[in-house]
>>> print(open('data-v7.cif').read())   # mmCIF, C-alpha atoms and all ligand atoms
data_work
#
loop_
_atom_site.label_atom_id
_atom_site.label_comp_id
_atom_site.auth_asym_id
_atom_site.auth_seq_id
_atom_site.Cartn_x
_atom_site.Cartn_y
_atom_site.Cartn_z
CA MET A 102 -57.64 77.96 17.44
CA GLU A 103 -57.16 79.06 13.87
CA LYS A 104 -56.16 75.52 12.97
CA ARG A 105 -59.63 74.28 13.95
CA LEU A 106 -61.33 76.63 11.52
CA LYS A 107 -59.59 74.81 8.72
CA LYS A 108 -61.07 71.65 7.28
CA ASP A 109 -59.81 68.21 8.31
CA ILE A 110 -58.39 66.97 5.00
CA LYS A 111 -57.27 63.57 6.31
CA SER A 112 -60.87 62.59 7.12
CA TYR A 113 -61.98 62.93 3.46
CA THR A 114 -62.38 59.87 1.26
CA LYS A 115 -60.83 60.14 -2.18
CA LYS A 116 -64.25 60.89 -3.68
CA GLU A 117 -64.93 63.65 -1.16
CA LEU A 118 -61.50 65.11 -1.81
CA GLU A 119 -62.16 65.11 -5.55
CA ALA A 120 -65.40 67.02 -5.01
CA GLU A 121 -63.54 69.57 -2.84
CA LEU A 122 -60.89 70.15 -5.51
CA LEU A 123 -63.37 70.41 -8.36
CA ALA A 124 -65.35 72.97 -6.37
CA ALA A 125 -62.17 75.03 -5.97
CA GLY A 126 -61.55 74.89 -9.74
CA ASP A 127 -58.72 72.35 -9.56
CA LYS A 128 -58.31 69.20 -11.63
CA ALA A 129 -59.78 65.97 -10.22
CA PHE A 130 -56.53 64.02 -10.63
CA ARG A 131 -54.94 66.24 -7.98
CA ALA A 132 -57.15 64.43 -5.45
CA GLY A 133 -55.35 61.16 -6.21
CA GLN A 134 -51.96 62.81 -5.70
CA ILE A 135 -52.96 64.42 -2.41
CA TYR A 136 -54.69 61.27 -1.18
CA SER A 137 -51.56 59.25 -1.85
CA TRP A 138 -49.41 61.78 0.04
CA LEU A 139 -51.72 61.61 3.03
CA HIS A 140 -52.61 57.92 3.13
CA GLN A 141 -49.67 56.09 1.53
CA LYS A 142 -46.64 58.30 2.01
CA LEU A 143 -48.11 59.46 5.35
CA ALA A 144 -47.17 63.11 4.83
CA GLY A 145 -47.49 65.41 7.82
CA SER A 146 -47.42 68.70 5.90
CA PHE A 147 -48.40 70.16 2.53
CA ASP A 148 -44.77 71.19 1.94
CA GLU A 149 -43.86 67.53 1.48
CA MET A 150 -46.21 67.24 -1.51
CA THR A 151 -43.55 68.06 -4.05
CA ASN A 152 -45.54 67.16 -7.17
CA LEU A 153 -48.02 69.97 -6.42
CA SER A 154 -47.31 73.55 -7.37
CA LYS A 155 -46.30 75.92 -4.59
CA GLU A 156 -49.42 77.94 -5.31
CA LEU A 157 -51.69 74.92 -4.78
CA ARG A 158 -49.83 73.87 -1.62
CA GLU A 159 -50.35 77.35 -0.21
CA ARG A 160 -54.04 77.35 -1.05
CA LEU A 161 -54.41 73.91 0.54
CA SER A 162 -52.72 74.94 3.74
CA ASP A 163 -54.93 78.03 3.97
CA ALA A 164 -58.09 75.92 3.73
CA TYR A 165 -57.14 72.63 5.38
CA HIS A 166 -55.07 71.21 8.19
CA ILE A 167 -53.44 67.78 8.36
CA ASP A 168 -54.43 66.26 11.66
CA SER A 169 -51.52 64.33 13.20
CA LEU A 170 -51.19 62.71 16.60
CA ARG A 171 -48.23 63.55 18.81
CA GLN A 172 -46.45 60.80 20.69
CA VAL A 173 -46.32 61.68 24.39
CA GLN A 174 -45.04 58.44 25.79
CA VAL A 175 -44.18 54.90 24.73
CA GLN A 176 -43.79 51.86 26.95
CA GLU A 177 -42.21 48.66 25.70
CA SER A 178 -42.92 45.30 27.29
CA LYS A 179 -39.83 43.37 28.29
CA LEU A 180 -41.88 40.19 28.09
CA ASP A 181 -43.05 40.25 24.49
CA GLY A 182 -42.00 43.49 22.78
CA THR A 183 -45.53 44.93 22.85
CA LYS A 184 -45.42 48.72 22.62
CA LYS A 185 -48.03 50.94 24.15
CA TYR A 186 -48.24 54.50 22.82
CA LEU A 187 -49.85 57.48 24.46
CA PHE A 188 -50.82 60.05 21.80
CA GLU A 189 -52.01 63.61 22.23
CA LEU A 190 -54.82 64.95 20.04
CA HIS A 191 -55.00 68.54 18.76
CA ASP A 192 -57.26 69.56 21.66
CA GLY A 193 -55.04 68.10 24.36
CA HIS A 194 -56.96 64.84 24.89
CA MET A 195 -54.91 61.66 25.21
CA ILE A 196 -55.54 58.25 23.67
CA GLU A 197 -53.73 54.92 23.75
CA SER A 198 -52.77 52.60 20.93
CA VAL A 199 -50.88 49.33 21.19
CA LEU A 200 -48.54 47.56 18.76
CA MET A 201 -48.36 43.79 19.15
CA LYS A 202 -45.93 41.65 17.22
CA TYR A 203 -47.15 38.23 16.18
CA HIS A 204 -45.65 35.67 13.83
CA HIS A 205 -48.38 36.54 11.31
CA GLY A 206 -47.50 40.24 11.33
CA ASN A 207 -47.81 43.49 13.23
CA SER A 208 -51.16 44.17 14.81
CA VAL A 209 -52.27 47.56 16.13
CA CYS A 210 -55.01 47.94 18.70
CA ILE A 211 -56.64 51.36 18.30
CA SER A 212 -58.94 53.46 20.45
CA SER A 213 -62.28 54.50 18.97
CA GLN A 214 -63.27 57.26 21.42
CA VAL A 215 -61.71 59.45 24.09
CA GLY A 216 -63.10 57.70 27.16
CA CYS A 217 -66.26 55.64 26.93
CA ARG A 218 -69.84 55.82 28.20
CA MET A 219 -70.62 52.10 28.35
CA GLY A 220 -69.64 51.69 31.99
CA CYS A 221 -68.33 48.10 32.00
CA ARG A 222 -67.39 47.47 35.63
CA PHE A 223 -63.90 46.02 35.08
CA CYS A 224 -62.74 48.54 32.45
CA ALA A 225 -60.51 51.56 33.16
CA SER A 226 -61.48 53.47 29.99
CA THR A 227 -64.98 54.20 31.12
CA ILE A 228 -64.42 55.48 34.67
CA ASP A 229 -64.54 59.18 33.73
CA GLY A 230 -67.16 58.68 31.00
CA LEU A 231 -67.02 59.75 27.36
CA GLU A 232 -65.10 62.87 26.28
CA ARG A 233 -65.70 62.67 22.54
CA ASN A 234 -65.62 60.53 19.40
CA LEU A 235 -62.45 60.17 17.35
CA THR A 236 -62.55 61.44 13.76
CA PRO A 237 -61.62 59.22 10.79
CA ALA A 238 -58.27 61.07 10.64
CA GLU A 239 -57.58 60.32 14.32
CA LEU A 240 -58.50 56.66 13.87
CA LEU A 241 -56.21 56.38 10.85
CA ASP A 242 -53.35 58.34 12.34
CA GLN A 243 -52.92 55.88 15.22
CA ILE A 244 -51.78 53.38 12.61
CA TYR A 245 -49.90 55.93 10.45
CA GLN A 246 -47.87 57.23 13.41
CA ILE A 247 -46.97 53.73 14.60
CA GLN A 248 -45.79 52.81 11.08
CA LYS A 249 -43.74 56.00 10.92
CA LEU A 250 -42.28 55.58 14.41
CA THR A 251 -41.30 51.93 13.94
CA GLY A 252 -40.60 51.92 10.20
CA GLU A 253 -42.56 48.67 10.05
CA ARG A 254 -45.71 47.78 8.14
CA VAL A 255 -48.91 47.17 10.07
CA SER A 256 -50.89 44.22 8.68
CA HIS A 257 -53.67 43.73 11.24
CA ILE A 258 -55.97 46.12 13.12
CA VAL A 259 -58.12 45.45 16.16
CA VAL A 260 -60.55 48.14 17.27
CA MET A 261 -60.34 47.03 20.90
CA GLY A 262 -58.78 50.01 22.63
CA SER A 263 -60.65 52.59 24.67
CA GLY A 264 -64.15 53.45 23.53
CA GLU A 265 -67.12 51.70 22.00
CA PRO A 266 -66.74 51.63 18.20
CA MET A 267 -70.46 51.08 17.60
CA ASP A 268 -71.10 54.32 19.53
CA ASN A 269 -68.93 56.11 16.90
CA TYR A 270 -70.48 54.24 14.00
CA GLU A 271 -70.15 56.56 10.98
CA ASN A 272 -66.52 57.39 11.62
CA ILE A 273 -65.60 53.73 12.15
CA ILE A 274 -67.21 52.70 8.86
CA LYS A 275 -65.41 55.49 7.02
CA PHE A 276 -62.14 54.49 8.70
CA ILE A 277 -62.54 50.84 7.61
CA HIS A 278 -63.13 51.89 4.01
CA MET A 279 -60.16 54.26 4.00
CA VAL A 280 -57.63 51.97 5.68
CA SER A 281 -58.51 49.04 3.41
CA ASP A 282 -58.62 51.23 0.26
CA LYS A 283 -56.07 50.30 -2.41
CA ASP A 284 -55.14 53.98 -2.56
CA GLY A 285 -54.40 53.97 1.17
CA LEU A 286 -52.57 51.43 3.34
CA HIS A 287 -54.63 48.68 1.68
CA ILE A 288 -54.94 46.56 4.81
CA SER A 289 -57.21 43.61 4.11
CA GLN A 290 -60.65 43.88 5.72
CA ARG A 291 -60.20 40.25 6.75
CA ASN A 292 -57.39 41.43 9.00
CA ILE A 293 -59.59 43.98 10.76
CA THR A 294 -61.55 43.12 13.92
CA VAL A 295 -64.09 45.43 15.55
CA SER A 296 -65.08 44.67 19.13
CA THR A 297 -68.39 45.77 20.64
CA CYS A 298 -70.07 45.43 24.01
CA GLY A 299 -73.24 44.59 22.09
CA LEU A 300 -75.22 47.51 20.62
CA VAL A 301 -77.83 45.45 18.80
CA PRO A 302 -79.14 47.93 16.17
CA GLN A 303 -75.59 48.87 15.14
CA ILE A 304 -74.53 45.21 14.86
CA LYS A 305 -77.42 44.60 12.47
CA ARG A 306 -76.52 47.68 10.47
CA LEU A 307 -72.87 46.61 10.34
CA ALA A 308 -73.96 43.22 8.99
CA GLU A 309 -75.45 45.03 5.98
CA GLU A 310 -72.44 47.21 5.12
CA GLY A 311 -70.91 44.58 2.81
CA LEU A 312 -67.65 44.49 4.77
CA GLN A 313 -65.41 41.48 5.36
CA ILE A 314 -64.28 42.39 8.86
CA THR A 315 -64.47 40.17 11.96
CA LEU A 316 -66.96 41.07 14.66
CA ALA A 317 -65.84 40.45 18.23
CA LEU A 318 -68.62 40.51 20.78
CA SER A 319 -67.83 41.17 24.43
CA LEU A 320 -70.06 38.63 26.13
CA HIS A 321 -68.34 38.06 29.50
CA ALA A 322 -71.32 36.16 30.92
CA PRO A 323 -73.51 33.10 30.32
CA ASN A 324 -76.79 34.83 31.25
CA ASP A 325 -78.43 38.23 31.67
CA GLU A 326 -78.10 38.28 35.42
CA ILE A 327 -74.30 37.96 35.48
CA ARG A 328 -73.98 40.14 32.39
CA LYS A 329 -75.93 42.95 34.06
CA ALA A 330 -73.61 42.80 37.07
CA LEU A 331 -70.60 43.41 34.79
CA MET A 332 -71.98 45.43 31.88
CA PRO A 333 -74.70 48.13 32.12
CA ILE A 334 -75.44 47.70 28.39
CA ALA A 335 -77.03 44.35 29.33
CA ASN A 336 -79.92 46.37 30.77
CA ALA A 337 -80.66 47.75 27.32
CA TYR A 338 -80.34 44.53 25.29
CA GLN A 339 -80.97 40.99 26.44
CA MET A 340 -78.38 38.34 25.71
CA ASP A 341 -80.85 36.56 23.41
CA GLU A 342 -81.17 39.69 21.28
CA VAL A 343 -77.38 40.10 21.20
CA LEU A 344 -76.86 36.48 20.14
CA ASP A 345 -79.55 36.84 17.46
CA ALA A 346 -77.76 39.92 16.12
CA CYS A 347 -74.55 37.87 15.97
CA ARG A 348 -76.32 35.09 14.06
CA TYR A 349 -77.59 37.72 11.64
CA TYR A 350 -74.05 39.09 11.24
CA PHE A 351 -72.78 35.62 10.34
CA ASP A 352 -75.66 34.97 7.94
CA GLN A 353 -75.06 38.26 6.12
CA THR A 354 -71.26 38.19 5.99
CA GLY A 355 -70.17 34.56 6.40
CA ARG A 356 -67.66 35.82 8.97
CA ARG A 357 -67.29 33.74 12.12
CA ILE A 358 -68.04 35.65 15.34
CA THR A 359 -65.47 35.94 18.11
CA PHE A 360 -66.88 36.01 21.62
CA GLU A 361 -64.71 37.78 24.18
CA TYR A 362 -65.03 36.40 27.68
CA SER A 363 -62.98 38.01 30.45
CA LEU A 364 -62.78 35.61 33.37
CA VAL A 365 -63.44 37.31 36.69
CA ARG A 366 -62.73 35.22 39.77
CA GLY A 367 -65.89 34.04 41.49
CA VAL A 368 -68.17 36.06 39.19
CA ASN A 369 -68.39 34.34 35.80
CA ASP A 370 -65.82 31.53 35.86
CA SER A 371 -67.65 28.53 37.38
CA GLU A 372 -68.18 25.22 35.60
CA ALA A 373 -71.91 25.88 35.67
CA ALA A 374 -71.28 29.20 33.88
CA ALA A 375 -69.20 27.41 31.22
CA GLU A 376 -71.98 24.88 30.71
CA GLU A 377 -74.68 27.50 30.44
CA LEU A 378 -72.60 29.48 27.96
CA ALA A 379 -71.86 26.39 25.88
CA GLU A 380 -75.53 25.55 25.58
CA ARG A 381 -76.44 29.04 24.43
CA ILE A 382 -73.82 29.35 21.70
CA LEU A 383 -73.65 25.66 20.78
CA HIS A 384 -74.72 25.80 17.15
CA MET A 385 -73.28 29.17 16.32
CA ASN A 386 -70.36 29.68 13.98
CA CYS A 387 -68.11 31.15 16.59
CA HIS A 388 -64.91 31.14 18.50
CA VAL A 389 -64.46 31.99 22.18
CA ASN A 390 -61.54 34.04 23.43
CA LEU A 391 -60.97 33.61 27.15
CA ILE A 392 -59.05 36.44 28.80
CA PRO A 393 -58.26 36.46 32.51
CA VAL A 394 -59.54 39.88 33.59
CA ASN A 395 -56.76 42.42 33.94
CA PRO A 396 -57.32 43.86 37.44
CA ILE A 397 -57.49 47.67 37.63
CA LYS A 398 -56.80 49.42 40.88
CA GLU A 399 -60.12 51.32 40.91
CA ARG A 400 -62.10 48.05 41.25
CA ASN A 401 -61.49 44.93 43.25
CA TYR A 402 -62.16 42.31 40.60
CA LYS A 403 -59.56 39.55 40.45
CA GLU A 404 -58.53 37.35 37.56
CA SER A 405 -59.51 33.69 37.65
CA GLN A 406 -56.91 31.20 38.72
CA ASN A 407 -55.26 28.87 36.21
CA LYS A 408 -57.28 25.87 37.37
CA GLU A 409 -60.58 27.70 36.75
CA ILE A 410 -59.43 28.98 33.40
CA LEU A 411 -58.47 25.51 32.18
CA ASN A 412 -61.67 23.97 33.55
CA PHE A 413 -63.71 26.62 31.75
CA GLN A 414 -61.87 25.95 28.51
CA ASN A 415 -62.26 22.16 28.85
CA LYS A 416 -65.96 22.42 29.48
CA LEU A 417 -66.52 24.52 26.33
CA GLU A 418 -64.34 22.19 24.29
CA LYS A 419 -66.35 19.19 25.43
CA TYR A 420 -69.27 20.80 23.62
CA GLY A 421 -67.13 21.12 20.49
CA ILE A 422 -66.71 24.89 20.81
CA ASN A 423 -63.50 26.52 19.56
CA VAL A 424 -61.69 28.18 22.45
CA THR A 425 -58.42 30.02 22.88
CA ILE A 426 -56.99 31.51 25.99
CA ARG A 427 -55.70 34.83 24.80
CA ARG A 428 -52.00 35.25 25.23
CA GLU A 429 -51.55 38.13 27.61
CA MET A 430 -49.59 40.83 25.85
CA GLY A 431 -47.89 43.63 27.68
CA ARG A 432 -49.08 42.85 31.19
CA ASP A 433 -46.01 44.64 32.57
CA ILE A 434 -46.89 47.94 30.85
CA ASP A 435 -50.33 49.08 32.04
CA GLY A 436 -51.83 46.50 29.69
CA ALA A 437 -55.58 46.98 30.23
CA CYS A 438 -57.49 49.50 28.12
CA GLY A 439 -57.29 53.00 29.49
CA GLN A 440 -54.75 52.28 32.22
CA LEU A 441 -51.83 54.14 30.66
CA ARG A 442 -53.94 57.23 29.97
CA ARG A 443 -55.28 57.19 33.53
CA SER A 444 -51.91 56.70 35.20
CA TYR A 445 -50.39 59.48 33.03
CA ARG A 446 -53.17 61.89 33.97
CA GLU A 447 -52.87 61.04 37.63
CA LYS A 448 -49.14 61.78 37.54
CA GLN A 449 -49.84 65.05 35.72
CA ARG A 450 -52.38 66.07 38.36
CA GLU A 451 -49.94 65.24 41.15
CA MET A 452 -47.31 67.41 39.48
CA GLU A 453 -49.78 70.26 38.98
CA GLY A 454 -50.68 69.93 42.68
CA GLU A 455 -47.02 70.23 43.62
CA ALA A 456 -46.43 73.16 41.28
CA CYS A 457 -49.31 75.03 42.93
CA GLY A 458 -47.80 74.44 46.34
CA HIS A 459 -50.59 72.01 47.16
CA MET A 460 -49.84 70.82 50.69
CA GLU A 461 -52.15 67.90 51.40
N1 LIG B 501 -66.06 48.73 23.71
C1 LIG B 501 -65.62 47.59 22.98
C2 LIG B 501 -64.15 47.55 22.66
C3 LIG B 501 -63.17 47.99 23.68
S1 LIG B 501 -62.69 46.94 24.99
C4 LIG B 501 -66.06 46.30 23.66
O1 LIG B 501 -66.64 46.39 24.72
O2 LIG B 501 -65.87 45.24 23.09
C5 LIG B 501 -61.93 45.52 24.30
C6 LIG B 501 -62.16 44.28 25.13
O3 LIG B 501 -61.42 44.32 26.36
C7 LIG B 501 -63.62 44.07 25.52
O4 LIG B 501 -63.95 42.72 25.41
C8 LIG B 501 -63.61 44.52 26.97
O5 LIG B 501 -64.70 44.00 27.68
C9 LIG B 501 -62.27 44.00 27.44
N2 LIG B 501 -61.72 44.61 28.65
C10 LIG B 501 -61.78 45.88 29.08
N3 LIG B 501 -61.14 46.03 30.25
C11 LIG B 501 -60.66 44.83 30.57
C12 LIG B 501 -59.90 44.33 31.67
N4 LIG B 501 -59.54 45.12 32.67
N5 LIG B 501 -59.59 43.02 31.67
C13 LIG B 501 -59.96 42.20 30.65
N6 LIG B 501 -60.66 42.61 29.59
C14 LIG B 501 -61.02 43.90 29.56
#
>>> encode(input="data-v7.cif", output="structure tokens", more="lines below")
Ligand code: SAH
Amino acid sequence: MEKRLKKDIKSYTKKELEAELLAAGDKAFRAGQIYSWLHQKLAGSFDEMTNLSKELRERLSDAYHIDSLRQVQVQESKLDGTKKYLFELHDGHMIESVLMKYHHGNSVCISSQVGCRMGCRFCASTIDGLERNLTPAELLDQIYQIQKLTGERVSHIVVMGSGEPMDNYENIIKFIHMVSDKDGLHISQRNITVSTCGLVPQIKRLAEEGLQITLALSLHAPNDEIRKALMPIANAYQMDEVLDACRYYFDQTGRRITFEYSLVRGVNDSEAAAEELAERILHMNCHVNLIPVNPIKERNYKESQNKEILNFQNKLEKYGINVTIRREMGRDIDGACGQLRRSYREKQREMEGEACGHME
């Protein structure tokens, strides 16, 4: 409890940290030293900050805490080396982060919220709704802990784990600035992708932030009718509005949009669907990522068969649209968003049931 009364020092930008130190009567350059300890050397305690006086370290630890995630579980894919981490937050909530190894470097997929309130039908993260937003420190620490645990540098970030990043807007923007900062891990903004189910006002706002990140838009349908059947957010914003927001994002940033399209057997994978989609995105500067839906046990959606997937791809390509079928990483390790957290919690509940002498 006492820990929570202290301020969350890892969520401060360097400027904010400077202001804090000046207000406490310390020299501004101390902010640079502390920032480097937290965001480059990835220190987990004030005691490690050996170029600060003992007196300052004590004052810091009285006023602030360093928020760090605790690894609860890690699963490694035997197929491709993908590692899925389950981390515990200070208040006992669990989140998932995934490390994927590609030839171009190490990519980490981070969660943006605990749970999610968007309600996409095929997604495990949203079944129990939203618990809370992640802080900048918690967003950053998913990457810091994975670097510390593996001893390897992370070069790419995808905000495609549990949660809707545009529903945690301020913290995501702060996170992007801090993780790409030359005084932090200095990961290029061009190597950062943020995925959204399509919150139109936030997409427009993001377009005006002056960032160089890639926007991935979860489309999953060629029209409003099918989209509404899969994604409740489609009731709030029509596909036309979403596509216009994407055009605006490209116009403002010059960054090509990625459309995510999870293929669900018999729902959105017909040739007619591919044709309708192609016509709607024809002249956009975009790329389509096809992903066979990862079935979750709570719903009975099935992934499309290979023949349908290839037909869908061919149809889009005939229109000159760039398409990739996303390589499935970590299918053998509770691959889909939110599955590891759910299966861990279910096991915990079973064990609690047993411990209480639960008989049913
Ligand atoms: N909320 C954001 C980011 C998180 S989900 C968004 O909606 O984009 C990252 C991507 O995985 C989204 O495209 C999402 O629709 C997709 N996804 C979620 N569960 C899936 C599943 N079981 N199979 C395939 N794709 C899934």
>>> residues_around(input="data-v7.cif", residues="A:Gln174", least_positions_apart="5", cutoff="12 Å", atoms="all atoms listed in the file", output="list in words")
Lys184, Lys185, Tyr186, Leu187, Phe188, Glu189, Met195, Ile196, Glu197, Ser198, Val199, Ile434, Leu441, Arg442, Ser444 and Tyr445 of chain A
>>> residues_around(input="data-v7.cif", residues="stretch 355-362 of chain A", least_positions_apart="6", cutoff="7 Å", atoms="only C-alpha atoms", output="count of residues only")
15
>>> residues_near_ligand(input="data-v7.cif", ligand="ligand LIG 501 (chain B)", cutoff="7 Å", atoms="only C-alpha atoms and all ligand atoms", output="VMD selection string")
chain A and resid 221 223 to 225 260 to 266 296 to 298 317 to 319 361 to 363 392 to 397 437 to 438
>>> residues_around(input="data-v7.cif", residues="A:Ala374", least_positions_apart="3", cutoff="6 Å", atoms="all atoms listed in the file", output="PDB file with C-alpha atoms, in the frame of the given file")
ATOM      1  CA  PRO A 323     -73.510  33.100  30.320  1.00  0.00           C
ATOM      2  CA  SER A 371     -67.650  28.530  37.380  1.00  0.00           C
ATOM      3  CA  GLU A 377     -74.680  27.500  30.440  1.00  0.00           C
TER       4      GLU A 377
END
>>> closest_residue(input="data-v7.cif", among="A:Leu250, A:Ile426, A:Leu300, A:Leu118", to="A:Arg171", atoms="all atoms listed in the file")
A:Leu250
>>> closest_residue(input="data-v7.cif", among="A:Lys107, A:Cys210, A:Asn401, A:His194", to="A:Val365", atoms="only C-alpha atoms")
A:Asn401
>>> closest_residue(input="data-v7.cif", among="A:Pro302, A:Gly367, A:Gly145, A:Gly206", to="A:Val343", atoms="all atoms listed in the file")
A:Pro302
>>> closest_residue(input="data-v7.cif", among="A:Lys275, A:Arg233, A:Arg222, A:Arg160", to="A:Lys398", atoms="all atoms listed in the file")
A:Arg222
>>> residues_near_point(input="data-v7.cif", point="(-57.7, 78.9, -10.7)", cutoff="10 Å", atoms="only C-alpha atoms", output="list of chain:residue names")
A:Ala125, A:Gly126, A:Asp127, A:Lys128, A:Glu156, A:Leu157
>>> atom_distance(input="data-v7.cif", atom1="atom CA of A:Ile244", atom2="atom CA of A:Ile258")
8.4 Å
>>> closest_residue(input="data-v7.cif", among="A:Ile327, A:Leu200, A:Leu312, A:Met340", to="A:Val255", atoms="all atoms listed in the file")
A:Leu200
>>> axis_aligned_box(input="data-v7.cif", around="stretch 123-134 of chain A", padding_each_side="6 Å", output="AutoDock Vina command-line options")
--center_x -58.7 --center_y 68.1 --center_z -8.5 --size_x 25.4 --size_y 25.9 --size_z 18.2
>>> closest_residue(input="data-v7.cif", among="A:Leu383, A:Ala337, A:Met332, A:Ile211", to="A:Thr227", atoms="only C-alpha atoms")
A:Met332
>>> residues_around(input="data-v7.cif", residues="A:Ser289", least_positions_apart="4", cutoff="10 Å", atoms="all atoms listed in the file", output="PyMOL selection string")
chain A and resi 256-258+277+280-283+293+313-314
>>> residues_around(input="data-v7.cif", residues="A:Ile273", least_positions_apart="5", cutoff="8 Å", atoms="all atoms listed in the file", output="PyMOL selection string")
chain A and resi 213+237+240+266-267
>>> write_last_selection(input="data-v7.cif", atoms="C-alpha atoms", output="JSON list (two decimals), in the coordinates of the input")
[["chain", "number", "residue", "atom", "x", "y", "z"],
["A", 213, "SER", "CA", -62.28, 54.50, 18.97],
["A", 237, "PRO", "CA", -61.62, 59.22, 10.79],
["A", 240, "LEU", "CA", -58.50, 56.66, 13.87],
["A", 266, "PRO", "CA", -66.74, 51.63, 18.20],
["A", 267, "MET", "CA", -70.46, 51.08, 17.60]]
>>> atom_distance(input="data-v7.cif", atom1="atom CA of A:Leu143", atom2="atom CA of A:Ser226")
28.7 Å
